[in-house]
Each structure stands twice: as structure tokens, then as C-alpha cells.
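Undergrad: Here's a structure for you.
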Amino acid sequence: GPYRVRLFESPAPGASYREERTLNSENESFSFTGLPDGEYFLRVFRDTNSDVRQSGGEPAGTYGGLASPFPINIYNSNKVFGATVTVCDRTPMQPNTSVSGSLTSSGPEDCPALDQGPGFYTDVYSFRVGGGEQGTIAQGANIELRMMGSGGLSDNKLFLLGPDGSVIAQDQRPGGAFISLALNATGPYRIEPTSFYPGITGGYSLNLRVTGGF
């Protein structure tokens with residue numbers, strides 16, 4: 001599907017976009033011209049089902065972190081170059097399962113973990129709360145999310161992003177990050193595993209345990 005590059009005047013998820021550019025390949029360039037002075041934000045997603053709407057499972061990214069895009073300031077008609085957006089795949093994660101992954105600095109599945117800072121890498125996992133479909137998590141369920149790594153990744157960090165795109169939980173600790181909380185809001189969630197120190201790569205496992213719900 002095409003890549004939809006959208007320019008916003010607000011960083012808030014769900015905000016209406018001002019303009020859009022449609023690209024047919026990941027290496028195409030784009031531009032927005034004639035903008036009045038102000039602060040702008042970029043979000044991009046790959047419209048895999050061609051419905052023009054971004055769903056929780058479609059590859060996506062921002063100019064900035066997964067949680068919040070970085071501002072792009074336009075004053076006196078200045079030009080801004082190099083606002084590159086990395087579009088990250090989102091791997092669905094089923095309740096009560098474990099997955100294994102590897103953080104690298106150049107793999108096609110790895111993304112910059114800019115919510116942690118420059119020089120960090122991540123893979124993005126997703127799950128959905130509510131809806132009653134197979135593989136979803138019941139509203140009000142409790143989750144336990146644990147990351148275990150080897151070598152330099154034994155000290156790691158986890159981010160959990162809620163349906164509104166904000167970071168709702170994070171943890172870092174020697175031996176493996178751990179998050180435990182009840183999920184009352186319905187919608188798509190994203191898991192962002194990364195390292196505690198910059199520049200660290202290596203293998204890891206991620207476990208998602210679910211109990212309760214209504």
C-alpha cells in the first residue's frame with residue numbers, strides 16, 4: 001500500500017492533519033510548501049489496506065519518538081531539510097505468549113527508540129484491548145510484561161504506549177524490565193523494548209501474561 005505522509009499542527013494523536021502527501025515507495029522524498037509561521041509535526045503510515053485511515057497494526061512512524069513527534073518550526077518562511085521519518089513494522093503479540101527478538105543498528109525490522117533517546121534501538125509489538133475478537137485482551141484485564149536480555153541487554157527498558165499514543169508505563173531495572181498494570185482503555189497498545197544504555201544491541205525475550213478482565 002502507499003505511504004501517507006501527514007502534516008499536523010498538533011502533536012496529539014487523533015488530531016486532524018493539515019496536509020497529506022502520498023508516496024508509492026519508502027525512498028521517495030516529499031515537501032510541504034507555502035506554510036505560515038508556526039510549529040508542525042509529521043506522522044507517516046503505510047496504508048496496507050488502502051482505506052485512507054491508520055489502523056493500530058499498520059506500519060507507522062513519526063518525525064521523532066513513537067509516543068510524540070518532534071516539532072518542526074517554520075519562521076519567516078525558512079526551509080527545513082532532512083525531516084526523515086522511519087516507518088516501523090508492528091508485530092502483533094498474543095496474550096500469554098513469549099517472543100524472541102534481536103535489537104540491531106541496521107536491521108530492516110529495527111527502529112530508532114527515540115522515546116528513550118538518540119542511539120537506542122527497538123522493535124515494536126502491538127496488541128488490542130476490547131472488541132471481543134480472537135487474540136484481543138479483555139477490558140480491565142491485568143497484564144504482566146517482562147523483558148529478559150543477554151549481554152549488554154541484561155540491563156534494559158520497556159515502554160508501553162496506550163491507545164492515545166502516550167507512554168502509560170515504563171520500567172528499567174538490572175536483570176530485566178517489568179511492567180504490571182490493569183488495562184481499562186480499549187484500543188491498540190504498543191510495546192517498545194530497548195536497552196538501558198545507548199548503542200547496545202543483542203537478543204532478548206518478551207513475555208506477555210494476562211489475567212482477569214470483563
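Residues in the C-alpha cells are numbered from 1 in each chain, the chains being A, B, ... in the order shown, and ligands are numbered from 1 in the order shown.
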Would you give me, as a PyMOL selection string, the residues in range 2-214 of chain A that DSSP reads as strand (DSSP E or B)?

TA: chain A and resi 3-8+17-23+38-46+60-62+64+69+72-74+88+90-92+97-103+111-112+121-122+124-129+137+142-149+155-161+167-174+178-182+187-195+202-211

Undergrad: Give me, as CSV, the closest atom pair and its distance (Å, one decimal) for every residue of range 45-121 of chain A within a cut-off of 12 Å of range 167-175 of chain A, counting only C-alpha atoms, rows sorted by chain and rising number.

TA:
residue,atom,partner,partner_atom,distance
A:Gly65,CA,A:Val167,CA,10.7
A:Leu66,CA,A:Val167,CA,9.1
A:Ala67,CA,A:Val167,CA,6.3
A:Ser68,CA,A:Val167,CA,9.1
A:Asp115,CA,A:Val167,CA,9.0
A:Gln116,CA,A:Gln170,CA,10.3

Undergrad: Within 10 Å of Ser29 in chain A, counting only C-alpha atoms, which residues qualify if same-chain residues fewer than 6 places away don't, as a list in words?

TA: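 The neighbour list is Arg21, Leu23, Gly82, Ala83 and Thr84 of chain A.
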
Undergrad: Store the residues picked out above in a file with N, CA and C atoms, as a compact mmCIF listing (two decimals), in the first residue's frame.

TA:
# COMPACT_ATOMS: atom_id res chain seq x y z
N ARG A 21 0.75 14.02 1.82
CA ARG A 21 1.44 13.62 0.61
C ARG A 21 1.41 12.10 0.54
N LEU A 23 3.05 8.70 -1.07
CA LEU A 23 4.26 8.17 -1.70
C LEU A 23 4.05 6.70 -2.05
N GLY A 82 15.74 17.41 5.61
CA GLY A 82 16.14 16.21 6.34
C GLY A 82 15.19 15.74 7.40
N ALA A 83 13.90 16.08 7.28
CA ALA A 83 12.90 15.59 8.25
C ALA A 83 12.51 14.16 7.86
N THR A 84 13.44 13.24 8.11
CA THR A 84 13.25 11.84 7.73
C THR A 84 12.41 11.11 8.77

Undergrad: Might you pull out every residue within 7 Å of Ile72 in chain A, with only C-alpha atoms counted and same-chain residues fewer than 5 positions away left off, and present them as a count of residues only?

TA: 3

Undergrad: Residues at most 12 Å from Ser77 in chain A, counting only C-alpha atoms, excluding those fewer than 3 positions away in the same chain, as a PDB file with C-alpha atoms, in the first residue's frame?

TA:
ATOM      1  CA  PHE A  32       5.177  20.926   2.092  1.00  0.00           C
ATOM      2  CA  THR A  33       5.364  24.479   0.812  1.00  0.00           C
ATOM      3  CA  GLY A  34       3.678  27.805   1.494  1.00  0.00           C
ATOM      4  CA  LEU A  35       3.239  27.133   5.211  1.00  0.00           C
ATOM      5  CA  PRO A  36       2.525  30.025   7.553  1.00  0.00           C
ATOM      6  CA  ASP A  37       4.830  30.501  10.518  1.00  0.00           C
ATOM      7  CA  GLY A  38       4.205  28.015  13.292  1.00  0.00           C
ATOM      8  CA  ASN A  73       9.430  25.165  13.445  1.00  0.00           C
ATOM      9  CA  ILE A  74       8.694  27.433  10.485  1.00  0.00           C
ATOM     10  CA  VAL A  80      13.685  22.668   6.854  1.00  0.00           C
TER      11      VAL A  80
END

Undergrad: If you count only C-alpha atoms, which residues fall within 8 Å of range 14-20 of chain A, apart from same-chain ones fewer than 2 positions away, as an mmCIF file with N, CA and C atoms, in the first residue's frame?

TA:
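Everything below was put into selection.cif:
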data_model
loop_
_atom_site.group_PDB
_atom_site.id
_atom_site.type_symbol
_atom_site.label_atom_id
_atom_site.label_comp_id
_atom_site.auth_asym_id
_atom_site.auth_seq_id
_atom_site.Cartn_x
_atom_site.Cartn_y
_atom_site.Cartn_z
ATOM 1 N N ARG A 4 1.435 7.303 3.511
ATOM 2 C CA ARG A 4 0.724 8.571 3.665
ATOM 3 C C ARG A 4 1.480 9.442 4.662
ATOM 4 N N VAL A 5 2.022 10.540 4.155
ATOM 5 C CA VAL A 5 2.787 11.490 4.966
ATOM 6 C C VAL A 5 1.846 12.625 5.340
ATOM 7 N N ARG A 6 1.610 12.807 6.625
ATOM 8 C CA ARG A 6 0.636 13.800 7.078
ATOM 9 C C ARG A 6 1.284 14.849 7.971
ATOM 10 N N LEU A 7 0.945 16.081 7.683
ATOM 11 C CA LEU A 7 1.465 17.228 8.422
ATOM 12 C C LEU A 7 0.392 17.731 9.376
ATOM 13 N N PHE A 8 0.757 17.861 10.650
ATOM 14 C CA PHE A 8 -0.176 18.264 11.694
ATOM 15 C C PHE A 8 0.274 19.579 12.330
ATOM 16 N N GLU A 9 -0.685 20.262 12.920
ATOM 17 C CA GLU A 9 -0.383 21.456 13.711
ATOM 18 C C GLU A 9 -0.445 21.163 15.197
ATOM 19 N N SER A 10 -0.704 19.906 15.558
ATOM 20 C CA SER A 10 -0.744 19.468 16.951
ATOM 21 C C SER A 10 -0.073 18.106 17.052
ATOM 22 N N PRO A 11 0.678 17.849 18.130
ATOM 23 C CA PRO A 11 1.299 16.529 18.297
ATOM 24 C C PRO A 11 0.339 15.476 18.837
ATOM 25 N N ALA A 12 -0.866 15.876 19.214
ATOM 26 C CA ALA A 12 -1.801 14.954 19.860
ATOM 27 C C ALA A 12 -2.269 13.869 18.894
ATOM 28 N N THR A 22 1.153 11.565 -0.641
ATOM 29 C CA THR A 22 1.091 10.115 -0.836
ATOM 30 C C THR A 22 2.314 9.661 -1.624
ATOM 31 N N PHE A 32 6.354 20.100 1.833
ATOM 32 C CA PHE A 32 5.177 20.926 2.092
ATOM 33 C C PHE A 32 5.619 22.374 1.934
ATOM 34 N N ASP A 164 -4.063 6.218 23.040
ATOM 35 C CA ASP A 164 -3.919 7.614 22.623
ATOM 36 C C ASP A 164 -2.499 7.954 22.193
#

Undergrad: Give the helix (DSSP H, G or I) residues of range 127-190 of chain A, as DSSP finds them on the backbone, and put them as a list in words.

TA: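 Going through range 127-190 of chain A, the helix (DSSP H, G or I) residues come out as Gly151, Gly152, Leu153 and Ser154 of chain A.
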
Undergrad: Show which residues sit within 9 Å of Arg128 in chain A, as a ChimeraX atom specification. Count only C-alpha atoms, and ignore same-chain residues fewer than 3 positions away.

TA: /A:56,92,131,135-138,163,186-190

Undergrad: What is the CA of Tyr3 in chain A-CA of Asn24 in chain A distance in Å, reported with one decimal?

TA: 6.2 Å
